[in-house]
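Content type compact mmCIF, C-alpha atoms, from the file start_14.txt:
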# COMPACT_ATOMS: atom_id res chain seq x y z
CA MET A 1 108.58 38.74 112.59
CA GLY A 2 110.23 36.23 110.26
CA ARG A 3 113.85 35.12 110.38
CA GLU A 4 114.82 37.25 107.38
CA GLN A 5 113.25 40.36 108.87
CA THR A 6 114.95 39.68 112.20
CA GLU A 7 118.33 39.43 110.51
CA LEU A 8 117.71 42.72 108.69
CA VAL A 9 116.87 44.46 111.95
CA ILE A 10 119.98 43.09 113.66
CA THR A 11 122.14 44.12 110.70
CA ASP A 12 120.66 47.60 110.75
CA VAL A 13 121.35 47.98 114.48
CA VAL A 14 124.95 46.83 114.01
CA GLU A 15 125.43 49.17 111.02
CA ALA A 16 124.03 52.11 112.97
CA GLY A 17 126.32 51.31 115.90
CA ARG A 18 129.40 51.38 113.69
CA ALA A 19 128.22 54.62 112.07
CA LYS A 20 127.70 56.28 115.46
CA ARG A 21 131.23 55.40 116.55
CA ILE A 22 132.62 56.90 113.33
CA LEU A 23 130.56 60.06 113.66
CA GLN A 24 131.46 60.56 117.32
CA CYS A 25 135.12 60.33 116.39
CA ILE A 26 134.75 62.77 113.47
CA PHE A 27 132.58 65.39 115.16
CA GLN A 28 133.61 65.21 118.83
CA ASP A 29 135.38 68.59 118.52
CA TYR A 30 132.95 70.19 116.06
CA ASN A 31 132.92 73.97 116.45
CA GLY A 32 129.20 74.61 116.16
CA ASN A 33 125.85 72.96 116.75
CA LEU A 34 125.16 70.02 114.47
CA ALA A 35 122.76 67.09 114.36
CA VAL A 36 123.42 63.94 112.33
CA ARG A 37 120.46 61.65 111.53
CA LEU A 38 121.04 58.08 110.36
CA TRP A 39 118.97 55.99 107.97
CA ASN A 40 117.17 54.37 110.93
CA ASP A 41 116.19 57.81 112.33
CA GLU A 42 118.70 57.69 115.20
CA THR A 43 120.07 61.20 115.77
CA LEU A 44 123.38 62.33 117.24
CA ARG A 45 123.89 65.90 118.46
CA PHE A 46 127.16 67.81 118.63
CA GLY A 47 127.39 71.16 120.40
CA ALA A 48 125.70 72.63 123.46
CA ASP A 49 122.80 74.39 121.75
CA SER A 50 120.06 73.52 119.26
CA PRO A 51 121.49 72.37 115.94
CA GLU A 52 121.87 75.00 113.24
CA THR A 53 121.87 72.31 110.59
CA THR A 54 121.08 68.59 110.37
CA LEU A 55 123.09 66.21 108.20
CA ILE A 56 120.98 63.22 107.13
CA PHE A 57 122.49 59.96 105.86
CA HIS A 58 119.89 57.96 103.93
CA HIS A 59 122.17 54.91 103.89
CA ALA A 60 125.70 53.90 104.91
CA GLN A 61 127.56 54.31 101.62
CA PRO A 62 128.26 58.08 101.83
CA LEU A 63 129.73 57.71 105.32
CA ARG A 64 131.79 54.71 104.22
CA ASP A 65 133.15 56.62 101.21
CA LEU A 66 133.92 59.71 103.28
CA ILE A 67 136.25 57.68 105.53
CA LEU A 68 137.82 55.41 102.93
CA PHE A 69 138.48 58.07 100.28
CA ARG A 70 139.16 60.95 102.71
CA ASP A 71 137.67 63.41 100.22
CA PRO A 72 135.05 65.94 101.45
CA LEU A 73 133.83 66.28 97.87
CA ARG A 74 132.44 62.75 98.20
CA LEU A 75 130.01 64.16 100.76
CA ALA A 76 129.03 66.96 98.37
CA GLU A 77 128.46 64.42 95.58
CA ALA A 78 126.28 62.32 97.88
CA TYR A 79 124.28 65.46 98.70
CA PHE A 80 123.76 66.30 95.03
CA ALA A 81 122.73 62.70 94.30
CA GLY A 82 120.21 62.64 97.15
CA HIS A 83 122.00 60.03 99.28
CA VAL A 84 122.59 62.75 101.89
CA SER A 85 120.31 65.66 102.79
CA LEU A 86 120.67 68.89 104.74
CA GLU A 87 118.10 70.62 106.90
CA GLY A 88 118.49 74.05 108.43
CA ASP A 89 120.89 76.90 107.64
CA ILE A 90 122.85 76.20 104.46
CA TYR A 91 125.63 78.58 105.56
CA ALA A 92 126.03 76.70 108.85
CA SER A 93 126.19 73.41 106.92
CA LEU A 94 129.25 74.69 105.05
CA ARG A 95 131.21 74.57 108.29
CA LEU A 96 131.35 70.83 107.62
CA LYS A 97 133.87 71.44 104.84
CA ASP A 98 136.25 73.36 107.07
CA HIS A 99 135.83 70.87 109.89
CA LEU A 100 136.49 67.83 107.70
CA GLN A 101 139.56 69.47 106.19
CA SER A 102 140.95 70.28 109.64
CA LEU A 103 140.72 66.73 111.04
CA SER A 104 143.93 65.11 112.20
CA PHE A 105 144.08 61.59 113.66
CA SER A 106 146.77 59.36 115.08
CA ILE A 107 147.71 56.18 113.21
CA ARG A 108 145.69 54.14 115.70
CA GLU A 109 142.61 56.37 115.27
CA LYS A 110 142.90 56.21 111.49
CA ALA A 111 143.13 52.43 111.59
CA ALA A 112 140.03 52.21 113.82
CA LEU A 113 138.06 54.52 111.51
CA VAL A 114 139.02 52.60 108.38
CA SER A 115 138.21 49.29 110.06
CA SER A 116 134.76 50.51 111.08
CA ALA A 117 134.12 51.95 107.63
CA LEU A 118 135.13 48.74 105.87
CA PHE A 119 132.50 46.85 107.83
CA LEU A 120 129.79 49.30 106.80
CA LYS A 121 127.90 47.75 103.92
CA GLY A 122 128.66 49.06 100.47
CA SER A 123 125.47 50.42 98.95
CA SER A 124 126.09 50.25 95.22
CA GLY A 125 122.91 48.26 94.75
CA GLN A 126 121.01 49.54 97.75
CA GLU A 127 117.89 51.59 97.16
CA MET A 128 117.58 54.99 98.72
CA SER A 129 115.50 55.40 101.84
CA ALA A 130 111.93 56.50 101.41
CA THR A 131 112.88 59.67 103.29
CA ALA A 132 115.45 60.62 100.68
CA SER A 133 115.00 63.46 98.24
CA PRO A 134 112.65 62.38 95.42
CA MET A 135 115.14 62.63 92.57
CA GLN A 136 116.50 60.20 90.06
CA ARG A 137 119.55 58.21 91.10
CA ALA A 138 121.11 58.37 87.63
CA PRO A 139 124.76 59.47 87.57
CA LEU A 140 125.23 63.22 87.30
CA SER A 141 126.72 63.00 83.83
CA ARG A 142 126.22 66.75 83.40
CA LEU A 143 128.72 67.47 86.13
CA ARG A 144 132.05 66.93 84.47
CA SER A 145 135.04 69.10 83.72
CA TRP A 146 136.56 70.40 80.51
CA ARG A 147 140.27 70.99 80.29
CA GLY A 148 141.86 73.63 78.13
CA HIS A 149 140.40 76.83 76.72
CA SER A 150 139.95 76.26 73.01
CA LYS A 151 136.99 77.92 71.33
CA ASN A 152 135.13 74.63 71.32
CA THR A 153 135.74 73.82 74.98
CA ASN A 154 134.85 77.37 76.02
CA ARG A 155 131.61 77.11 74.07
CA ASN A 156 130.79 73.81 75.79
CA ALA A 157 131.70 75.19 79.21
CA ILE A 158 129.46 78.25 78.76
CA ALA A 159 126.59 76.03 77.64
CA PHE A 160 127.18 73.81 80.69
CA HIS A 161 126.66 76.74 83.07
CA TYR A 162 124.42 79.25 81.32
CA ASP A 163 122.18 77.11 79.14
CA VAL A 164 120.52 75.45 82.12
CA SER A 165 117.24 77.31 81.67
CA ASN A 166 116.39 81.00 81.29
CA GLU A 167 113.31 80.37 83.43
CA PHE A 168 115.48 78.92 86.19
CA TYR A 169 117.72 81.98 86.29
CA SER A 170 114.76 84.36 86.15
CA LEU A 171 113.45 82.91 89.43
CA TRP A 172 116.33 84.28 91.47
CA LEU A 173 118.07 86.95 89.39
CA ASP A 174 116.83 90.55 89.31
CA ARG A 175 114.36 91.89 86.76
CA GLN A 176 117.23 92.91 84.42
CA MET A 177 118.65 89.33 84.48
CA VAL A 178 122.14 90.38 85.60
CA TYR A 179 124.33 87.48 86.73
CA SER A 180 127.25 89.40 88.24
CA CYS A 181 128.01 91.48 91.32
CA ALA A 182 125.43 94.17 92.11
CA TYR A 183 126.27 97.64 93.47
CA PHE A 184 124.57 98.42 96.78
CA GLU A 185 124.27 101.96 98.13
CA HIS A 186 123.15 100.55 101.49
CA HIS A 187 122.75 97.08 102.99
CA ASP A 188 118.94 97.09 102.87
CA GLU A 189 118.68 98.01 99.19
CA SER A 190 116.76 95.61 96.95
CA LEU A 191 118.59 93.39 94.49
CA ASP A 192 116.66 94.95 91.59
CA GLN A 193 117.82 98.44 92.52
CA ALA A 194 121.39 97.36 93.23
CA GLN A 195 121.74 95.76 89.81
CA GLU A 196 120.41 98.89 88.12
CA ASN A 197 122.92 100.85 90.19
CA LYS A 198 125.66 98.62 88.78
CA LEU A 199 124.59 99.11 85.17
CA GLU A 200 124.46 102.86 85.70
CA HIS A 201 127.82 102.88 87.51
CA ILE A 202 129.53 101.10 84.61
CA CYS A 203 128.03 103.47 82.06
CA ARG A 204 129.25 106.46 84.07
CA LYS A 205 132.72 105.01 84.50
CA LEU A 206 132.93 104.57 80.74
CA ARG A 207 131.71 108.17 80.33
CA LEU A 208 129.31 107.05 77.59
CA LYS A 209 128.08 109.69 75.16
CA PRO A 210 125.27 109.56 72.56
CA GLY A 211 126.39 108.11 69.26
CA GLU A 212 129.39 106.22 70.66
CA CYS A 213 129.93 102.53 69.92
CA LEU A 214 130.03 100.21 72.94
CA LEU A 215 131.12 96.55 72.94
CA ASP A 216 130.12 94.20 75.75
CA ILE A 217 132.30 91.06 75.75
CA GLY A 218 130.32 88.19 77.26
CA CYS A 219 127.13 90.24 77.47
CA GLY A 220 124.97 87.67 79.27
CA TRP A 221 121.28 88.28 78.71
CA GLY A 222 122.02 91.76 77.35
CA ALA A 223 121.13 93.98 80.30
CA LEU A 224 124.11 96.34 79.96
CA ILE A 225 123.86 96.92 76.21
CA ARG A 226 120.13 97.64 76.46
CA TRP A 227 120.62 99.94 79.47
CA ALA A 228 123.43 101.84 77.73
CA ALA A 229 121.43 102.28 74.54
CA ARG A 230 118.23 103.30 76.32
CA HIS A 231 119.78 105.73 78.82
CA TYR A 232 122.89 106.96 77.01
CA GLY A 233 121.99 106.75 73.31
CA VAL A 234 124.99 104.62 72.34
CA HIS A 235 125.18 101.98 69.63
CA ALA A 236 125.78 98.84 71.69
CA HIS A 237 126.98 95.45 70.47
CA GLY A 238 127.14 92.32 72.62
CA VAL A 239 128.73 88.91 72.11
CA THR A 240 127.95 85.72 74.02
CA LEU A 241 128.62 82.01 73.63
CA SER A 242 125.34 81.00 75.28
CA ARG A 243 122.51 80.26 72.87
CA ASN A 244 119.92 80.67 75.61
CA GLN A 245 121.27 84.12 76.46
CA TYR A 246 121.50 85.06 72.79
CA GLU A 247 117.89 84.13 72.04
CA TYR A 248 116.63 85.85 75.18
CA GLY A 249 118.63 88.98 74.35
CA LEU A 250 117.25 89.17 70.81
CA CYS A 251 113.69 88.96 72.15
CA LYS A 252 114.32 91.74 74.70
CA ILE A 253 115.91 94.01 72.07
CA GLN A 254 112.80 93.56 69.90
CA GLU A 255 110.44 93.96 72.85
CA GLU A 256 112.08 97.24 73.94
CA GLY A 257 112.29 98.62 70.40
CA LEU A 258 116.07 98.95 70.44
CA GLN A 259 116.83 97.31 67.08
CA GLU A 260 118.40 100.51 65.72
CA LEU A 261 120.82 100.82 68.60
CA VAL A 262 121.54 97.32 69.92
CA THR A 263 122.97 94.28 68.14
CA LEU A 264 123.88 90.85 69.46
CA GLU A 265 126.07 88.01 68.17
CA LEU A 266 126.60 84.41 69.16
CA LYS A 267 130.37 84.62 68.83
CA ASP A 268 133.68 83.98 70.59
CA TYR A 269 135.41 87.26 71.48
CA ARG A 270 138.53 86.04 69.64
CA ASP A 271 136.57 86.01 66.40
CA LEU A 272 135.71 89.72 66.52
CA GLU A 273 137.33 91.33 63.48
CA GLY A 274 138.85 94.70 62.79
CA GLU A 275 140.77 97.34 64.70
CA ALA A 276 139.76 100.47 66.63
CA ARG A 277 136.06 99.70 66.11
CA PHE A 278 134.65 100.70 69.51
CA ASP A 279 134.77 103.87 71.59
CA LYS A 280 134.18 101.95 74.79
CA ILE A 281 134.45 98.28 75.77
CA ALA A 282 133.04 96.53 78.85
CA SER A 283 133.51 92.98 80.08
CA VAL A 284 131.50 92.07 83.17
CA GLY A 285 131.88 88.70 84.87
CA MET A 286 133.33 87.08 81.78
CA PHE A 287 137.12 87.01 82.04
CA GLU A 288 136.95 84.32 84.75
CA HIS A 289 136.18 81.92 81.87
CA VAL A 290 139.12 83.00 79.71
CA GLY A 291 141.83 80.89 81.36
CA LEU A 292 145.03 82.30 82.82
CA LYS A 293 147.13 81.30 79.81
CA ASN A 294 144.71 83.11 77.51
CA LEU A 295 144.64 86.41 79.42
CA PRO A 296 147.25 88.04 77.12
CA VAL A 297 145.09 87.14 74.09
CA TYR A 298 141.96 88.38 75.84
CA PHE A 299 143.39 91.76 76.77
CA ALA A 300 145.19 92.12 73.43
CA THR A 301 141.87 91.55 71.65
CA ALA A 302 140.21 94.29 73.70
CA HIS A 303 143.19 96.57 72.99
CA ARG A 304 142.94 95.90 69.24
CA LEU A 305 139.21 96.61 69.10
CA LEU A 306 139.38 99.81 71.18
CA LYS A 307 139.81 103.21 69.56
CA PRO A 308 142.94 105.19 70.55
CA ASP A 309 140.98 107.54 72.82
CA GLY A 310 138.62 104.84 74.15
CA LEU A 311 138.07 103.29 77.58
CA PHE A 312 137.95 99.64 78.64
CA LEU A 313 136.28 98.41 81.84
CA ASN A 314 137.04 94.90 83.06
CA HIS A 315 134.86 93.64 85.93
CA GLY A 316 135.77 90.25 87.34
CA ILE A 317 136.45 87.96 90.28
CA THR A 318 139.98 87.52 91.65
CA SER A 319 141.66 85.19 94.11
CA ASP A 320 143.81 86.00 97.11
CA GLU A 321 146.36 83.46 95.84
CA ALA A 322 148.30 83.65 92.59
CA GLY A 323 147.44 81.13 89.91
CA TRP A 324 144.67 78.57 90.06
CA LEU A 325 146.11 76.00 92.40
CA LYS A 326 144.37 72.69 93.04
CA SER A 327 142.29 72.78 96.21
CA LEU A 328 138.94 71.55 97.46
CA SER A 329 137.31 74.84 96.40
CA THR A 330 138.84 74.95 92.91
CA GLU A 331 138.03 71.28 92.30
CA PHE A 332 134.42 71.87 93.36
CA ILE A 333 133.99 74.90 91.08
CA ASN A 334 135.57 73.24 88.03
CA ARG A 335 133.72 69.96 88.52
CA TYR A 336 130.22 71.24 89.16
CA VAL A 337 129.84 74.90 88.24
CA PHE A 338 132.44 76.56 85.99
CA PRO A 339 134.36 73.84 84.11
CA ASP A 340 136.68 76.45 82.59
CA GLY A 341 136.89 78.86 85.54
CA GLU A 342 140.31 80.13 86.65
CA LEU A 343 141.14 83.08 88.91
CA ASP A 344 144.27 85.06 89.73
CA THR A 345 145.23 87.95 92.01
CA VAL A 346 144.21 91.48 91.03
CA SER A 347 147.89 92.48 90.87
CA ASN A 348 148.63 89.74 88.33
CA ILE A 349 145.59 90.74 86.27
CA GLN A 350 146.76 94.35 86.13
CA ARG A 351 150.26 93.21 85.20
CA VAL A 352 148.91 91.37 82.15
CA MET A 353 146.84 94.42 81.19
CA GLU A 354 149.91 96.65 81.36
CA ARG A 355 151.92 94.22 79.26
CA THR A 356 149.24 94.48 76.57
CA ARG A 357 149.72 98.28 76.56
CA PHE A 358 146.81 99.30 78.77
CA GLU A 359 147.15 102.13 81.26
CA ILE A 360 145.28 101.50 84.52
CA LEU A 361 143.12 104.54 85.32
CA ASP A 362 140.93 103.35 88.18
CA VAL A 363 140.51 100.24 90.34
CA GLU A 364 137.46 99.70 92.57
CA ALA A 365 137.02 96.76 94.94
CA LEU A 366 133.47 95.41 95.23
CA ARG A 367 133.96 92.43 97.56
CA PRO A 368 131.23 93.41 100.11
CA HIS A 369 128.83 93.98 97.23
CA TYR A 370 129.26 90.45 95.89
CA ALA A 371 128.78 88.90 99.32
CA LEU A 372 125.45 90.75 99.57
CA THR A 373 124.51 89.81 95.98
CA LEU A 374 125.11 86.10 96.60
CA ARG A 375 123.08 86.08 99.81
CA HIS A 376 120.20 87.65 97.87
CA TRP A 377 120.50 84.97 95.17
CA VAL A 378 120.57 82.09 97.67
CA LYS A 379 117.57 83.44 99.57
CA ARG A 380 115.54 83.97 96.41
CA LEU A 381 116.40 80.52 95.06
CA GLU A 382 115.55 78.78 98.33
CA GLU A 383 112.23 80.64 98.49
CA ARG A 384 111.42 79.53 94.93
CA ARG A 385 112.56 75.92 95.23
CA GLU A 386 109.34 74.39 93.93
CA GLY A 387 109.35 76.68 90.92
CA ALA A 388 113.02 75.89 90.24
CA LEU A 389 112.30 72.16 90.21
CA GLN A 390 109.90 72.74 87.33
CA HIS A 391 112.93 73.65 85.20
CA VAL A 392 115.95 71.81 86.64
CA SER A 393 116.67 68.62 88.55
CA GLU A 394 117.00 68.41 92.31
CA ALA A 395 120.73 67.87 91.78
CA THR A 396 121.11 71.10 89.80
CA TYR A 397 119.10 73.02 92.38
CA ARG A 398 121.33 71.70 95.17
CA VAL A 399 124.53 72.48 93.25
CA TRP A 400 123.51 76.09 92.71
CA CYS A 401 122.38 76.68 96.30
CA LEU A 402 125.50 75.16 97.81
CA TYR A 403 127.84 76.83 95.32
CA MET A 404 126.42 80.33 95.81
CA ALA A 405 126.29 80.01 99.60
CA ALA A 406 129.92 78.83 99.65
CA CYS A 407 130.93 81.75 97.41
CA ALA A 408 129.18 84.23 99.71
CA LEU A 409 131.28 82.95 102.62
CA GLN A 410 134.45 83.12 100.52
CA PHE A 411 133.81 86.77 99.70
CA GLU A 412 133.03 87.52 103.33
CA LYS A 413 136.29 85.88 104.45
CA GLY A 414 138.33 87.67 101.77
CA GLU A 415 139.42 84.48 100.02
CA VAL A 416 138.14 85.93 96.73
CA GLY A 417 137.47 89.47 95.58
CA VAL A 418 135.92 91.31 92.67
CA TYR A 419 137.30 94.40 90.97
CA GLN A 420 136.32 96.90 88.31
CA ILE A 421 139.45 98.01 86.46
CA LEU A 422 139.14 101.00 84.13
CA ALA A 423 141.88 101.32 81.54
CA ALA A 424 142.86 103.15 78.36
CA LYS A 425 145.42 102.61 75.63
CA LYS A 426 148.82 103.91 76.71
CA GLY A 427 149.72 107.19 75.12
CA GLU A 428 150.32 110.88 75.75
CA ARG A 429 146.70 111.75 76.55
CA LEU A 430 146.09 113.28 79.97
CA ASP A 431 142.32 113.69 79.69
CA ALA A 432 141.09 110.12 79.22
CA VAL A 433 138.95 110.63 82.33
CA PRO A 434 138.12 113.72 84.42
CA LEU A 435 140.56 114.86 87.09
CA THR A 436 138.22 113.65 89.87
CA ARG A 437 135.58 110.91 90.29
CA ARG A 438 132.88 113.46 91.12
CA ASP A 439 131.03 112.81 87.86
CA LEU A 440 130.47 109.18 88.84
CA TYR A 441 128.33 110.08 91.83
CA LEU A 442 126.69 113.41 91.03
CA LYS A 443 124.38 114.36 88.21
CA VAL A 444 126.36 116.92 86.23
CA SER A 445 124.59 119.28 83.82
CA ASN A 446 126.02 119.51 80.31

Structure encoded using structure tokens:
Amino acid sequence: MGREQTELVITDVVEAGRAKRILQCIFQDYNGNLAVRLWNDETLRFGADSPETTLIFHHAQPLRDLILFRDPLRLAEAYFAGHVSLEGDIYASLRLKDHLQSLSFSIREKAALVSSALFLKGSSGQEMSATASPMQRAPLSRLRSWRGHSKNTNRNAIAFHYDVSNEFYSLWLDRQMVYSCAYFEHHDESLDQAQENKLEHICRKLRLKPGECLLDIGCGWGALIRWAARHYGVHAHGVTLSRNQYEYGLCKIQEEGLQELVTLELKDYRDLEGEARFDKIASVGMFEHVGLKNLPVYFATAHRLLKPDGLFLNHGITSDEAGWLKSLSTEFINRYVFPDGELDTVSNIQRVMERTRFEILDVEALRPHYALTLRHWVKRLEERREGALQHVSEATYRVWCLYMAACALQFEKGEVGVYQILAAKKGERLDAVPLTRRDLYLKVSN
């Protein structure tokens, strides 16, 4: 072994020693079973049992940044970029976020950690280990955030999320291509059936009748408008800002022979013209993109387009905290997944609806259903990883897996919810819906 190689070995041993001291300090009280593998294949174990997940550092930079910047998102960024990998249960790996956020050190401990981190080599020019994920090391320029909710920024934000690849989404969504909370009649029901249940449930809530005009705001790939036309004989119109969804929807309308009943536009909901045009309006998984400041405009637009005796169903995710306050979770979502996403409490949402002259007729919580839906999506995407990488980068695949797994846990903990709110224009009518909900669950003869 030459002198240069000897020096590299010594340096590597010293680096690994510093890293082990940092990791032992960080994870000494870890509530779980974790393994951490360093770039030289040394492994540390935390917990009494076999590790549920293994965190792999391919070089020192991610660990150095984690200590110096004290930002858990740095670890997520390193994971997306391939400088860090995870093996094992993705849900167990998300305990790292809670653990890192809960850490509290004395001044002396902080000083020791920073000192050790400073002596870890910066790796700005260091090549990734051969064991790292085989992806490009180019900056993730796709993953940036848009501020504001103008028509242009909303269009860009929707393209950012939905125009990834129709083929990518088709790998893990159901056969109807529905990207919103399913409706499970029992825990073992298939995702395909649960999404059809949801489409049917919405149509029944809206009490659709043949010949009526239905608007779907943010119609996705067009599943609801095609289902409503095919099964209820309505004239259905959908609007989306995603070109990929629009082109897919047009093909499916043609393929299913629904051209006489179903139309589709690539249009912002604010550009829909006219008044009292639609008997029924649905919005499913879209209003999260509207922006809290724009909610009055959003609901006022739906109110303007709805006929006096019509019904409006808004299906969307809510938060357990008012407003969209800055936190690790909100920063993650806006930076990597939904650049324009903002949530509020269900009570605040209903308050805005009432101020825009809607009467709330029915509210249904679907939180357990979304937790199940997300676990289905994560499982299907993980099982189809190789197929996914034919359409998206390793970084995009990792973002989607981690994001959906984290959301599943948030729904399970009650940090976020999802509600279907059925409303009508305020007035003197007493028969906007039947006196009971029986018609939603039983086939009733005409």

Rounded to one decimal place, report the CA of Ala405 in chain A-CA of Trp172 in chain A distance in Å.
13.5 Å

Which residues come within 8 Å of Gly316 in chain A, counting all atoms listed in the file, excluding same-chain residues fewer than 4 positions away, as a tab-separated table (two decimals) with C-alpha atoms, in the frame of the given file?
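Written file, out_12.tsv:
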chain	number	residue	atom	x	y	z
A	284	VAL	CA	131.50	92.07	83.17
A	285	GLY	CA	131.88	88.70	84.87
A	286	MET	CA	133.33	87.08	81.78
A	287	PHE	CA	137.12	87.01	82.04
A	288	GLU	CA	136.95	84.32	84.75
A	418	VAL	CA	135.92	91.31	92.67
A	419	TYR	CA	137.30	94.40	90.97
A	420	GLN	CA	136.32	96.90	88.31

With all atoms listed in the file as the basis for distance, which of A:Leu372, A:Ala92, A:Ala35, A:Ile281 is at the shortest distance from Gly310 in chain A?
A:Ile281

Minimum-distance residue to Ser102 in chain A, chosen among A:Lys121, A:Lys205, A:Arg70, A:His58 (using only C-alpha atoms):
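Under the stated criterion, the closest residue is A:Arg70.
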
Return the single residue from A:Asp271, A:Asp192, A:Glu428, A:Glu200 that is closest to Trp377 in chain A, with distances computed using all atoms listed in the file.
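Result for the nearest residue to Trp377 in chain A: A:Asp192.
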
Quick one: pull the distance between CA of His303 in chain A and CA of Leu206 in chain A, Å, one decimal.
15.1 Å
